[in-house]
$ cat structure.txt   # compact mmCIF, C-alpha atoms
# COMPACT_ATOMS: atom_id res chain seq x y z
CA LEU A 1 13.38 -10.18 -9.06
CA LYS A 2 10.14 -8.64 -7.86
CA ALA A 3 8.09 -8.76 -4.69
CA VAL A 4 4.33 -8.76 -4.15
CA ILE A 5 2.93 -7.80 -0.75
CA LEU A 6 -0.69 -8.84 -0.20
CA ILE A 7 -2.34 -6.16 1.95
CA GLY A 8 -5.95 -7.40 1.85
CA GLY A 9 -8.79 -4.95 2.16
CA PRO A 10 -11.28 -3.06 4.26
CA GLN A 11 -13.86 -5.71 5.10
CA LYS A 12 -11.24 -7.86 6.78
CA GLY A 13 -9.23 -6.74 9.79
CA THR A 14 -12.35 -6.92 11.96
CA ARG A 15 -10.26 -8.28 14.81
CA PHE A 16 -8.15 -5.17 14.46
CA ARG A 17 -10.97 -2.78 15.22
CA PRO A 18 -11.30 -0.05 16.36
CA LEU A 19 -7.77 0.73 15.12
CA SER A 20 -8.53 -0.26 11.52
CA PHE A 21 -11.28 2.41 11.37
CA GLU A 22 -8.64 5.16 11.19
CA VAL A 23 -5.89 3.67 9.06
CA PRO A 24 -5.63 0.66 6.71
CA LYS A 25 -4.22 -2.19 8.82
CA PRO A 26 -0.97 -2.45 6.74
CA LEU A 27 -0.17 1.17 7.68
CA PHE A 28 -0.67 0.62 11.41
CA PRO A 29 2.63 1.48 13.14
CA VAL A 30 4.47 -1.48 14.65
CA ALA A 31 7.75 -0.61 16.41
CA GLY A 32 7.44 2.95 15.14
CA VAL A 33 6.99 2.34 11.41
CA PRO A 34 3.99 1.16 9.34
CA MET A 35 3.58 -2.62 9.53
CA VAL A 36 4.18 -3.11 5.80
CA GLN A 37 7.35 -0.96 5.83
CA HIS A 38 9.20 -3.84 7.51
CA HIS A 39 8.29 -5.99 4.49
CA ILE A 40 9.32 -3.33 1.98
CA GLU A 41 12.64 -2.78 3.71
CA ALA A 42 13.39 -6.51 3.69
CA CYS A 43 12.51 -6.76 -0.03
CA ALA A 44 14.54 -3.67 -0.95
CA LYS A 45 17.65 -5.22 0.64
CA VAL A 46 17.59 -8.23 -1.70
CA PRO A 47 20.11 -7.64 -4.51
CA GLY A 48 18.44 -7.37 -7.91
CA MET A 49 15.01 -6.30 -6.58
CA LYS A 50 13.47 -4.38 -9.50
CA GLU A 51 9.98 -3.55 -8.21
CA ILE A 52 7.71 -4.02 -5.19
CA LEU A 53 3.97 -4.35 -5.82
CA LEU A 54 1.37 -3.91 -3.09
CA MET A 55 -1.84 -5.70 -3.91
CA GLY A 56 -5.21 -5.43 -2.22
CA PHE A 57 -8.66 -3.95 -2.56
CA TYR A 58 -8.35 -0.81 -0.46
CA GLN A 59 -9.49 2.30 -2.30
CA PRO A 60 -6.25 4.14 -3.08
CA ASN A 61 -6.43 6.84 -0.41
CA GLU A 62 -4.23 9.73 0.58
CA ALA A 63 -2.52 7.92 3.45
CA LEU A 64 -1.58 4.98 1.22
CA SER A 65 -0.34 7.20 -1.64
CA ARG A 66 1.72 9.34 0.76
CA PHE A 67 3.25 6.25 2.30
CA LEU A 68 4.19 4.76 -1.10
CA VAL A 69 5.85 7.99 -2.25
CA SER A 70 7.94 8.26 0.91
CA ALA A 71 8.86 4.54 0.85
CA GLN A 72 10.01 4.84 -2.79
CA GLN A 73 12.28 7.74 -1.87
CA GLU A 74 13.65 5.99 1.20
CA PHE A 75 14.32 2.56 -0.30
CA LYS A 76 15.17 3.65 -3.88
CA VAL A 77 13.03 0.98 -5.50
CA PRO A 78 9.83 1.42 -7.58
CA ILE A 79 6.75 0.64 -5.46
CA ARG A 80 3.24 0.48 -6.93
CA TYR A 81 -0.20 -0.31 -5.60
CA LEU A 82 -2.42 -2.62 -7.66
CA GLN A 83 -6.06 -2.48 -6.64
CA GLU A 84 -8.17 -5.62 -7.05
CA TYR A 85 -11.78 -5.05 -8.09
CA ALA A 86 -12.92 -7.45 -5.34
CA ALA A 87 -11.41 -9.81 -2.79
CA LEU A 88 -9.78 -12.42 -5.02
CA GLY A 89 -8.02 -14.52 -2.37
CA THR A 90 -4.26 -14.97 -1.97
CA GLY A 91 -3.85 -16.60 -5.41
CA GLY A 92 -6.56 -14.80 -7.38
CA GLY A 93 -4.93 -11.39 -7.00
CA ILE A 94 -1.53 -12.42 -8.30
CA TYR A 95 -3.18 -14.34 -11.14
CA HIS A 96 -5.30 -11.33 -12.10
CA PHE A 97 -2.20 -9.08 -12.19
CA ARG A 98 0.17 -11.70 -13.64
CA ASP A 99 1.12 -9.48 -16.61
CA GLN A 100 2.16 -6.66 -14.27
CA ILE A 101 4.20 -9.06 -12.13
CA LEU A 102 5.97 -10.62 -15.11
CA SER A 103 6.49 -7.35 -17.02
CA GLY A 104 10.17 -6.60 -17.54
CA GLY A 105 10.98 -10.32 -17.62
CA ALA A 106 10.79 -11.19 -13.92
CA GLU A 107 12.58 -14.51 -13.33
CA ALA A 108 11.27 -14.97 -9.80
CA PHE A 109 9.11 -13.09 -7.33
CA PHE A 110 8.38 -13.13 -3.63
CA VAL A 111 4.83 -13.09 -2.28
CA LEU A 112 4.46 -11.84 1.30
CA ASN A 113 1.34 -11.53 3.43
CA ALA A 114 1.23 -8.10 5.08
CA ASP A 115 -0.14 -9.37 8.39
CA VAL A 116 2.96 -11.28 9.50
CA CYS A 117 6.04 -10.02 11.27
CA SER A 118 9.29 -11.79 10.57
CA GLU A 119 13.02 -11.51 10.06
CA PHE A 120 12.18 -12.10 6.37
CA PRO A 121 15.08 -14.39 5.37
CA LEU A 122 14.48 -13.62 1.68
CA GLN A 123 18.11 -13.88 0.56
CA GLU A 124 18.35 -17.29 2.26
CA MET A 125 15.19 -18.45 0.47
CA LEU A 126 16.74 -17.48 -2.87
CA GLU A 127 19.95 -19.39 -2.11
CA PHE A 128 17.90 -22.35 -0.92
CA GLN A 129 15.90 -22.33 -4.18
CA GLN A 130 19.10 -22.40 -6.20
CA GLN A 131 20.47 -25.36 -4.22
CA HIS A 132 17.24 -27.40 -4.13
CA GLY A 133 15.23 -28.27 -7.16
CA ASP A 134 15.44 -26.56 -10.50
CA MET A 135 14.73 -22.98 -11.36
CA HIS A 136 11.03 -23.86 -11.70
CA SER A 137 10.60 -24.91 -8.08
CA PHE A 138 8.69 -22.88 -5.51
CA VAL A 139 9.66 -22.23 -1.90
CA ILE A 140 7.44 -21.74 1.16
CA LEU A 141 8.93 -20.23 4.30
CA GLY A 142 8.13 -22.54 7.22
CA THR A 143 8.71 -22.43 10.96
CA THR A 144 8.12 -24.80 13.87
CA ALA A 145 5.01 -24.45 16.05
CA ASN A 146 3.94 -26.55 18.99
CA ARG A 147 1.59 -29.47 18.32
CA THR A 148 -1.65 -27.89 19.50
CA GLN A 149 -1.12 -24.50 17.86
CA ALA A 150 -0.03 -26.03 14.54
CA LEU A 151 -3.72 -26.83 13.88
CA ASN A 152 -4.43 -23.10 13.43
CA TYR A 153 -2.07 -22.78 10.47
CA GLY A 154 -1.22 -24.42 7.17
CA CYS A 155 0.77 -27.55 8.04
CA ILE A 156 3.63 -28.86 5.90
CA VAL A 157 4.96 -32.42 5.74
CA ALA A 158 8.37 -32.40 4.05
CA ASN A 159 11.06 -34.90 3.12
CA VAL A 160 13.77 -34.62 5.79
CA ASP A 161 16.64 -34.79 3.31
CA THR A 162 15.41 -32.74 0.37
CA GLN A 163 12.85 -30.47 2.15
CA GLU A 164 10.43 -31.24 -0.67
CA VAL A 165 6.81 -30.66 0.45
CA GLN A 166 5.01 -33.99 0.28
CA HIS A 167 1.75 -33.03 1.91
CA TYR A 168 0.06 -29.69 2.67
CA VAL A 169 -3.08 -29.19 4.77
CA GLU A 170 -4.59 -25.83 5.69
CA LYS A 171 -5.79 -25.73 9.34
CA PRO A 172 -6.15 -29.52 9.77
CA SER A 173 -8.57 -30.93 12.35
CA THR A 174 -6.00 -33.38 13.71
CA PHE A 175 -2.22 -33.17 14.09
CA VAL A 176 -0.35 -33.32 10.78
CA SER A 177 3.00 -31.60 11.28
CA GLU A 178 4.79 -29.08 13.50
CA ILE A 179 6.10 -27.20 10.46
CA ILE A 180 3.72 -24.36 9.62
CA ASN A 181 3.38 -22.01 6.65
CA CYS A 182 4.68 -18.49 7.39
CA GLY A 183 2.81 -16.80 4.52
CA ILE A 184 6.02 -15.86 2.68
CA TYR A 185 6.74 -17.52 -0.69
CA LEU A 186 9.23 -17.48 -3.52
CA PHE A 187 7.72 -18.28 -6.92
CA THR A 188 8.85 -18.46 -10.53
CA PRO A 189 6.54 -17.54 -13.44
CA ALA A 190 5.69 -21.27 -13.72
CA ILE A 191 3.32 -20.86 -10.73
CA PHE A 192 0.80 -19.11 -13.00
CA GLN A 193 0.29 -22.32 -14.95
CA HIS A 194 -0.79 -24.05 -11.71
CA ILE A 195 -3.03 -21.17 -10.62
CA GLY A 196 -4.45 -21.10 -14.17
CA GLU A 197 -5.45 -24.77 -13.86
CA VAL A 198 -7.39 -23.96 -10.68
CA PHE A 199 -9.04 -21.02 -12.46
CA GLN A 200 -10.11 -23.27 -15.38
CA ARG A 201 -11.44 -25.88 -12.98
CA ASN A 202 -13.40 -23.23 -11.04
CA GLN A 203 -14.90 -21.97 -14.29
CA GLN A 204 -15.98 -25.46 -15.33
CA GLU A 205 -17.53 -26.12 -11.93
CA LEU A 206 -19.39 -22.82 -12.04
CA ALA A 207 -20.64 -23.59 -15.56
CA LEU A 208 -22.09 -26.85 -14.24
CA GLU A 209 -23.77 -25.05 -11.34
CA GLU A 210 -25.58 -22.48 -13.40
CA SER A 211 -28.20 -22.21 -10.73
CA SER A 212 -25.65 -20.75 -8.30
CA ASN A 213 -26.45 -17.13 -7.65
CA GLY A 214 -23.28 -15.94 -9.32
CA TRP A 215 -21.47 -14.44 -6.34
CA GLN A 216 -18.88 -17.20 -6.42
CA ARG A 217 -16.25 -16.03 -8.81
CA ALA A 218 -13.91 -18.35 -10.65
CA GLU A 219 -11.19 -15.75 -9.98
CA VAL A 220 -11.28 -16.28 -6.21
CA ILE A 221 -8.30 -18.57 -5.69
CA ARG A 222 -6.59 -19.41 -2.40
CA LEU A 223 -2.92 -20.24 -2.79
CA GLU A 224 -2.92 -22.42 0.31
CA GLN A 225 -5.96 -24.66 -0.16
CA ASP A 226 -6.24 -24.60 -3.96
CA VAL A 227 -2.63 -24.52 -5.16
CA PHE A 228 -0.26 -25.85 -2.48
CA THR A 229 -2.43 -28.86 -1.65
CA ALA A 230 -2.30 -29.89 -5.31
CA LEU A 231 1.43 -29.12 -5.75
CA ALA A 232 2.53 -31.10 -2.68
CA GLY A 233 4.28 -34.31 -3.66
CA SER A 234 4.91 -33.18 -7.25
CA GLY A 235 8.60 -32.37 -6.68
CA LYS A 236 8.02 -28.66 -7.37
CA LEU A 237 7.33 -27.30 -3.88
CA PHE A 238 9.97 -26.98 -1.14
CA VAL A 239 9.99 -25.59 2.37
CA TYR A 240 12.76 -23.41 3.80
CA LYS A 241 12.64 -23.61 7.58
CA THR A 242 13.62 -20.52 9.55
CA ASP A 243 14.65 -20.28 13.20
CA GLY A 244 14.23 -16.52 13.13
CA PHE A 245 11.29 -14.84 14.81
CA TRP A 246 7.87 -14.96 13.16
CA SER A 247 4.35 -14.10 14.24
CA GLN A 248 0.97 -13.29 12.75
CA ILE A 249 -0.57 -9.86 13.32
CA LYS A 250 -4.27 -10.61 13.35
CA SER A 251 -5.50 -8.80 16.46
CA ALA A 252 -4.44 -5.59 18.14
CA GLY A 253 -2.87 -7.64 20.96
CA SER A 254 -0.58 -9.36 18.49
CA ALA A 255 0.60 -5.91 17.30
CA ILE A 256 2.18 -5.28 20.73
CA TYR A 257 3.89 -8.67 20.56
CA ALA A 258 5.10 -7.99 16.99
CA SER A 259 6.37 -4.61 18.17
CA ARG A 260 8.46 -6.40 20.81
CA LEU A 261 9.97 -8.76 18.21
CA TYR A 262 10.89 -5.88 15.87
CA LEU A 263 12.26 -3.64 18.67
CA ASN A 264 14.40 -6.58 19.70
CA GLN A 265 15.74 -6.88 16.16
CA TYR A 266 16.50 -3.12 16.01
CA SER A 267 19.49 -3.62 18.34
CA LYS A 268 21.13 -5.36 15.34
CA SER A 269 19.42 -3.76 12.34
CA HIS A 270 18.53 -0.19 13.43
CA PRO A 271 20.25 0.72 16.72
CA GLU A 272 19.54 4.39 15.90
CA ARG A 273 15.81 3.75 16.31
CA LEU A 274 16.16 2.66 19.95
CA ALA A 275 16.03 5.31 22.69
CA GLN A 276 19.00 5.54 25.06
CA ASN A 277 19.21 6.75 28.65
CA LYS A 278 20.60 10.30 28.53
CA PRO A 279 21.13 12.87 31.28
CA GLY A 280 17.98 14.97 31.56
CA GLY A 281 15.98 12.44 29.53
CA PRO A 282 13.34 9.91 30.60
CA VAL A 283 14.32 6.58 32.17
CA ILE A 284 14.48 3.92 29.44
CA ARG A 285 14.16 0.24 30.35
CA GLY A 286 14.70 -2.34 27.62
CA ASN A 287 13.80 -1.60 24.00
CA VAL A 288 11.89 1.65 23.41
CA TYR A 289 11.18 3.59 20.21
CA ILE A 290 10.47 7.32 20.58
CA HIS A 291 9.54 9.49 17.58
CA PRO A 292 11.82 12.56 17.42
CA THR A 293 8.82 14.92 17.67
CA ALA A 294 7.50 13.42 20.93
CA SER A 295 7.88 15.46 24.10
CA ILE A 296 8.67 13.36 27.17
CA ASP A 297 9.20 14.53 30.73
CA CYS A 298 12.52 13.51 32.26
CA THR A 299 10.77 11.82 35.22
CA ALA A 300 8.81 9.41 32.99
CA VAL A 301 9.79 5.73 32.95
CA LEU A 302 9.33 3.93 29.61
CA GLY A 303 9.82 0.30 28.60
CA PRO A 304 10.35 -2.44 27.97
CA ASN A 305 8.61 -2.78 24.59
CA VAL A 306 7.19 0.71 24.18
CA SER A 307 6.68 2.61 20.95
CA ILE A 308 5.87 6.34 21.17
CA GLY A 309 4.49 7.99 18.03
CA GLU A 310 4.72 11.41 16.45
CA GLY A 311 3.85 14.47 18.55
CA VAL A 312 3.01 12.47 21.68
CA THR A 313 3.21 14.29 25.04
CA VAL A 314 4.21 12.32 28.13
CA GLY A 315 3.94 14.15 31.48
CA ALA A 316 5.87 13.89 34.75
CA GLY A 317 6.05 10.57 36.58
CA VAL A 318 4.29 8.63 33.81
CA ARG A 319 4.95 4.88 33.59
CA VAL A 320 4.50 3.12 30.22
CA ARG A 321 5.25 -0.56 29.60
CA GLU A 322 4.44 -3.06 26.80
CA SER A 323 2.38 -0.45 24.93
CA ILE A 324 2.00 1.46 21.66
CA VAL A 325 1.15 5.15 21.97
CA LEU A 326 -0.03 6.56 18.63
CA HIS A 327 0.59 10.04 17.27
CA GLY A 328 -0.84 13.10 18.98
CA ALA A 329 -1.78 11.25 22.18
CA SER A 330 -1.23 12.93 25.51
CA LEU A 331 -0.47 11.14 28.81
CA HIS A 332 -0.88 13.57 31.71
CA ASP A 333 1.24 13.51 34.86
CA HIS A 334 1.51 10.27 36.84
CA THR A 335 -0.59 8.12 34.50
CA CYS A 336 0.21 4.44 34.26
CA VAL A 337 -0.19 2.68 30.88
CA LEU A 338 0.44 -1.09 30.68
CA ASN A 339 -0.33 -3.56 27.84
CA THR A 340 -2.34 -0.93 26.01
CA ILE A 341 -2.65 0.68 22.59
CA VAL A 342 -3.43 4.37 23.04
CA GLY A 343 -5.18 5.69 19.93
CA TRP A 344 -4.40 8.80 17.90
CA ASP A 345 -5.02 12.13 19.70
CA SER A 346 -6.32 10.40 22.83
CA THR A 347 -5.86 11.95 26.25
CA ILE A 348 -5.33 10.14 29.56
CA GLY A 349 -5.92 12.30 32.65
CA ARG A 350 -3.64 12.64 35.69
CA TRP A 351 -3.20 9.64 37.98
CA ALA A 352 -5.33 7.45 35.69
CA ARG A 353 -4.38 3.82 35.15
CA VAL A 354 -5.02 2.11 31.82
CA GLU A 355 -4.10 -1.54 31.77
CA GLY A 356 -4.70 -4.67 29.71
CA THR A 357 -3.84 -8.35 29.96
CA PRO A 358 -1.09 -9.48 27.57
CA SER A 359 -1.93 -12.32 25.20
CA ASP A 360 1.71 -13.30 24.67
CA PRO A 361 2.76 -16.84 23.74
CA ASN A 362 4.11 -19.08 26.48
CA PRO A 363 7.68 -17.79 27.13
CA ASN A 364 8.84 -21.25 28.25
CA ASP A 365 7.96 -22.88 24.94
CA PRO A 366 10.36 -21.82 22.19
CA TYR A 367 7.85 -22.89 19.52
CA ALA A 368 4.76 -21.25 21.02
CA LYS A 369 2.91 -18.81 18.76
CA ILE A 370 0.48 -16.09 19.75
CA ASP A 371 -3.10 -17.39 19.98
CA SER A 372 -5.65 -15.53 17.91
CA GLU A 373 -8.04 -14.95 20.78
CA THR A 374 -11.74 -14.71 20.16
CA LEU A 375 -13.21 -11.47 21.48
CA PHE A 376 -15.71 -13.30 23.68
CA ARG A 377 -15.57 -16.54 25.57
CA ASP A 378 -18.63 -17.98 27.39
CA GLY A 379 -20.48 -14.74 26.72
CA ARG A 380 -17.81 -12.65 28.43
CA LEU A 381 -15.14 -10.40 26.97
CA THR A 382 -11.82 -12.30 26.95
CA PRO A 383 -9.30 -10.33 29.07
CA SER A 384 -6.81 -8.93 26.59
CA ILE A 385 -4.91 -5.73 25.95
CA THR A 386 -6.77 -2.46 26.40
CA ILE A 387 -7.39 -0.47 23.22
CA LEU A 388 -8.35 3.18 23.09
CA GLY A 389 -9.64 4.26 19.68
CA CYS A 390 -8.76 7.69 18.30
CA SER A 391 -9.68 10.87 20.22
CA VAL A 392 -10.71 9.07 23.42
CA THR A 393 -10.61 11.11 26.62
CA ILE A 394 -9.98 9.32 29.92
CA PRO A 395 -10.64 11.49 33.01
CA ALA A 396 -8.22 11.88 35.90
CA GLU A 397 -7.91 9.21 38.59
CA VAL A 398 -9.93 6.44 36.89
CA VAL A 399 -8.95 2.86 36.12
CA ILE A 400 -9.63 1.29 32.70
CA LEU A 401 -8.95 -2.44 32.71
CA ASN A 402 -9.10 -4.98 29.83
CA SER A 403 -11.46 -2.77 27.84
CA ILE A 404 -11.93 -1.62 24.25
CA VAL A 405 -13.04 1.99 23.83
CA LEU A 406 -14.39 3.02 20.45
CA PRO A 407 -13.27 6.33 18.89
CA HIS A 408 -14.43 9.80 20.03
CA LYS A 409 -15.57 8.75 23.51
CA GLU A 410 -15.31 10.85 26.64
CA LEU A 411 -15.40 8.55 29.63
CA SER A 412 -16.65 9.72 33.00
CA ARG A 413 -15.76 6.78 35.28
CA SER A 414 -13.74 3.57 35.61
CA TYR A 415 -14.44 0.50 33.45
CA LYS A 416 -13.38 -3.13 33.59
CA ASN A 417 -13.76 -5.90 30.95
CA GLN A 418 -16.06 -3.87 28.69
CA ILE A 419 -16.41 -2.75 25.12
CA ILE A 420 -17.42 0.88 25.35
CA LEU A 421 -19.48 1.74 22.31
$ encode --input "structure.txt" --output "structure tokens"
Amino acid sequence: LKAVILIGGPQKGTRFRPLSFEVPKPLFPVAGVPMVQHHIEACAKVPGMKEILLMGFYQPNEALSRFLVSAQQEFKVPIRYLQEYAALGTGGGIYHFRDQILSGGAEAFFVLNADVCSEFPLQEMLEFQQQHGDMHSFVILGTTANRTQALNYGCIVANVDTQEVQHYVEKPSTFVSEIINCGIYLFTPAIFQHIGEVFQRNQQELALEESSNGWQRAEVIRLEQDVFTALAGSGKLFVYKTDGFWSQIKSAGSAIYASRLYLNQYSKSHPERLAQNKPGGPVIRGNVYIHPTASIDCTAVLGPNVSIGEGVTVGAGVRVRESIVLHGASLHDHTCVLNTIVGWDSTIGRWARVEGTPSDPNPNDPYAKIDSETLFRDGRLTPSITILGCSVTIPAEVVILNSIVLPHKELSRSYKNQIIL
């Protein structure tokens, strides 16, 4: 068994700015650990996992290399990064590196998109594959969405008895199905034959359009539109439906929501990561992650859904809720931080209030997903969580509301509903 985690590359993640300026999106901390570490941990737990491959077109940088070395030591499984020479799409990358994936005689492999958060029921998908279909069948992880939101995802129509996928449509314009694609797959080597057919077809089409200016590459292959649509109804593609939590992490606001889902799971999977109320310690409400190196005043009140990074300083009387505070940040006495991501090494002055508007899914609808909000609506900034880029300084006694502050800014007054460039 192997696993491939698709981490994408630098020109994407625009909705994740300004946070993606400092760190590749897959390394952004969610619930205290890099986003992609949750994937690696889930893969490493599957018995028989021989190797985990990260695939994308980031330049291999120091942060990524350091992370891979520490993850290998922690999870005791070989982890490598394969760099694509260009953005090849979700199917093009695995086709390009098929020899690496199959080396060592891999009988099956998982493919996971890095920008989802999930319980990752990988073991269950394996058992499901063995029960349904032959060893050459492929499995998509699916979950239920509500009717209106399903249109924003890949929709799956499956046979109720066998769970065989009969029809697959990526982001349909009208309602097709409430079962959506979670971006987590289990493949056997036979998938490469199907991706290869798409590649051949692309090449033939490009040969016919010789006038095209050559930027379209035959290697750019999208698993969803190019492969699944064709495989549906062939008896080879099945859907495993999960009731566990699942969400996309497209925007910074969805990172706070994903953090809540993971912190919630920690009570079962990693109770040691959750802070407890102790005499002489800060007041903890709900699920809170605090890095051991953070220094927090005993009069601070944290939670629910708060993640405090490395070397953070939290002063007296500070209130933090539904927020991620990244390493080296400093919250001076009596600040109030709600629905906010505080960037690396940022400083918030005394009695300042930094607040955003949560973009959480409807809590009364069990199938609601987080909406990927557009930044602007009707020419105005959509109220969403407040984001402070790295090394932002907020003066004492100001209010920052629903705003995005780019890195290395020193503010002098209060702001509301603005992008501060």
$ atom_distance --input "structure.txt" --atom1 "atom CA of A:Ala71" --atom2 "atom CA of A:Ile7"
15.5 Å
$ closest_residue --input "structure.txt" --among "A:Ser346, A:Ser414, A:Gln225, A:Thr299" --to "A:His334" --atoms "only C-alpha atoms"
A:Thr299
$ residues_around --input "structure.txt" --residues "A:Pro282" --least-positions-apart "3" --cutoff "10 Å" --atoms "only C-alpha atoms" --output "list of chain:residue names"
A:Ala275, A:Gln276, A:Asn277, A:Lys278, A:Pro279, A:Arg285, A:Ile296, A:Asp297, A:Cys298, A:Thr299, A:Ala300, A:Val301, A:Leu302, A:Val314, A:Ala316, A:Gly317, A:Val318
$ residues_around --input "structure.txt" --residues "A:Val325" --least-positions-apart "3" --cutoff "7 Å" --atoms "all atoms listed in the file" --output "list in words"
Ser307, Ile308, Gly309, Ala329, Ile341, Val342 and Gly343 of chain A
$ axis_aligned_box --input "structure.txt" --around "stretch 323-332 of chain A" --padding-each-side "6 Å" --output "lines of an AutoDock Vina configuration file"
center_x = 0.3
center_y = 6.6
center_z = 24.5
size_x = 16.2
size_y = 26.0
size_z = 26.4
$ residues_near_point --input "structure.txt" --point "(3.0, 11.8, 6.3)" --cutoff "12 Å" --atoms "all atoms listed in the file" --output "PyMOL selection string"
chain A and resi 27+33-34+62-71+310+327
$ closest_residue --input "structure.txt" --among "A:His132, A:Arg321, A:Lys25, A:Arg201" --to "A:Gln163" --atoms "all atoms listed in the file"
A:His132
$ residues_around --input "structure.txt" --residues "A:Gln418" --least-positions-apart "6" --cutoff "8 Å" --atoms "only C-alpha atoms" --output "list in words"
Leu381, Asn402, Ser403 and Ile404 of chain A
$ atom_distance --input "structure.txt" --atom1 "atom CA of A:Tyr81" --atom2 "atom CA of A:Gly56"
7.9 Å
$ closest_residue --input "structure.txt" --among "A:Lys416, A:Lys241, A:His291, A:Lys369" --to "A:Glu164" --atoms "only C-alpha atoms"
A:Lys241
$ closest_residue --input "structure.txt" --among "A:Leu88, A:Met55, A:Val116, A:Ala294" --to "A:Phe199" --atoms "only C-alpha atoms"
A:Leu88
$ closest_residue --input "structure.txt" --among "A:Ser247, A:Leu6, A:Leu186, A:Gly356" --to "A:Gln130" --atoms "only C-alpha atoms"
A:Leu186
$ closest_residue --input "structure.txt" --among "A:Lys76, A:Arg350, A:Arg147, A:His39" --to "A:Ala368" --atoms "all atoms listed in the file"
A:Arg147
$ residues_near_point --input "structure.txt" --point "(-9.8, -0.9, -1.3)" --cutoff "7 Å" --atoms "only C-alpha atoms" --output "PyMOL selection string"
chain A and resi 9-10+56-60+83
$ atom_distance --input "structure.txt" --atom1 "atom CA of A:Asp360" --atom2 "atom CA of A:Thr382"
13.8 Å
$ residues_around --input "structure.txt" --residues "A:Thr335" --least-positions-apart "2" --cutoff "12 Å" --atoms "only C-alpha atoms" --output "PyMOL selection string"
chain A and resi 299-302+313-321+330-333+337-338+347-355+394-400
$ residues_around --input "structure.txt" --residues "A:Ala145" --least-positions-apart "2" --cutoff "8 Å" --atoms "only C-alpha atoms" --output "list in words"
Thr143, Arg147, Gln149, Ala150, Glu178, Ile179, Ile180, Tyr367, Ala368 and Lys369 of chain A
$ build_atoms --input "structure.txt" --residues "stretch 75-87 of chain A" --atoms "N, CA and C atoms" --output "PDB file, in the coordinates of the input"
ATOM      1  N   PHE A  75      13.696   3.853   0.034  1.00  0.00           N
ATOM      2  CA  PHE A  75      14.320   2.560  -0.300  1.00  0.00           C
ATOM      3  C   PHE A  75      14.814   2.483  -1.743  1.00  0.00           C
ATOM      4  N   LYS A  76      14.614   3.551  -2.514  1.00  0.00           N
ATOM      5  CA  LYS A  76      15.170   3.650  -3.880  1.00  0.00           C
ATOM      6  C   LYS A  76      14.770   2.452  -4.756  1.00  0.00           C
ATOM      7  N   VAL A  77      13.502   2.070  -4.651  1.00  0.00           N
ATOM      8  CA  VAL A  77      13.030   0.980  -5.500  1.00  0.00           C
ATOM      9  C   VAL A  77      11.595   1.339  -5.913  1.00  0.00           C
ATOM     10  N   PRO A  78      11.198   1.078  -7.178  1.00  0.00           N
ATOM     11  CA  PRO A  78       9.830   1.420  -7.580  1.00  0.00           C
ATOM     12  C   PRO A  78       8.806   0.616  -6.771  1.00  0.00           C
ATOM     13  N   ILE A  79       7.803   1.311  -6.233  1.00  0.00           N
ATOM     14  CA  ILE A  79       6.750   0.640  -5.460  1.00  0.00           C
ATOM     15  C   ILE A  79       5.407   1.097  -6.032  1.00  0.00           C
ATOM     16  N   ARG A  80       4.550   0.119  -6.373  1.00  0.00           N
ATOM     17  CA  ARG A  80       3.240   0.480  -6.930  1.00  0.00           C
ATOM     18  C   ARG A  80       2.143  -0.239  -6.159  1.00  0.00           C
ATOM     19  N   TYR A  81       0.952   0.338  -6.211  1.00  0.00           N
ATOM     20  CA  TYR A  81      -0.200  -0.310  -5.600  1.00  0.00           C
ATOM     21  C   TYR A  81      -1.141  -0.784  -6.702  1.00  0.00           C
ATOM     22  N   LEU A  82      -1.476  -2.073  -6.693  1.00  0.00           N
ATOM     23  CA  LEU A  82      -2.420  -2.620  -7.660  1.00  0.00           C
ATOM     24  C   LEU A  82      -3.715  -2.933  -6.935  1.00  0.00           C
ATOM     25  N   GLN A  83      -4.796  -2.293  -7.351  1.00  0.00           N
ATOM     26  CA  GLN A  83      -6.060  -2.480  -6.640  1.00  0.00           C
ATOM     27  C   GLN A  83      -6.910  -3.552  -7.308  1.00  0.00           C
ATOM     28  N   GLU A  84      -7.265  -4.592  -6.542  1.00  0.00           N
ATOM     29  CA  GLU A  84      -8.170  -5.620  -7.050  1.00  0.00           C
ATOM     30  C   GLU A  84      -9.591  -5.053  -7.076  1.00  0.00           C
ATOM     31  N   TYR A  85     -10.411  -5.554  -8.006  1.00  0.00           N
ATOM     32  CA  TYR A  85     -11.780  -5.050  -8.090  1.00  0.00           C
ATOM     33  C   TYR A  85     -12.675  -5.698  -7.039  1.00  0.00           C
ATOM     34  N   ALA A  86     -12.179  -6.764  -6.413  1.00  0.00           N
ATOM     35  CA  ALA A  86     -12.920  -7.450  -5.340  1.00  0.00           C
ATOM     36  C   ALA A  86     -11.909  -8.313  -4.610  1.00  0.00           C
ATOM     37  N   ALA A  87     -12.330  -8.917  -3.515  1.00  0.00           N
ATOM     38  CA  ALA A  87     -11.410  -9.810  -2.790  1.00  0.00           C
ATOM     39  C   ALA A  87     -11.217 -11.075  -3.611  1.00  0.00           C
TER      40      ALA A  87
END
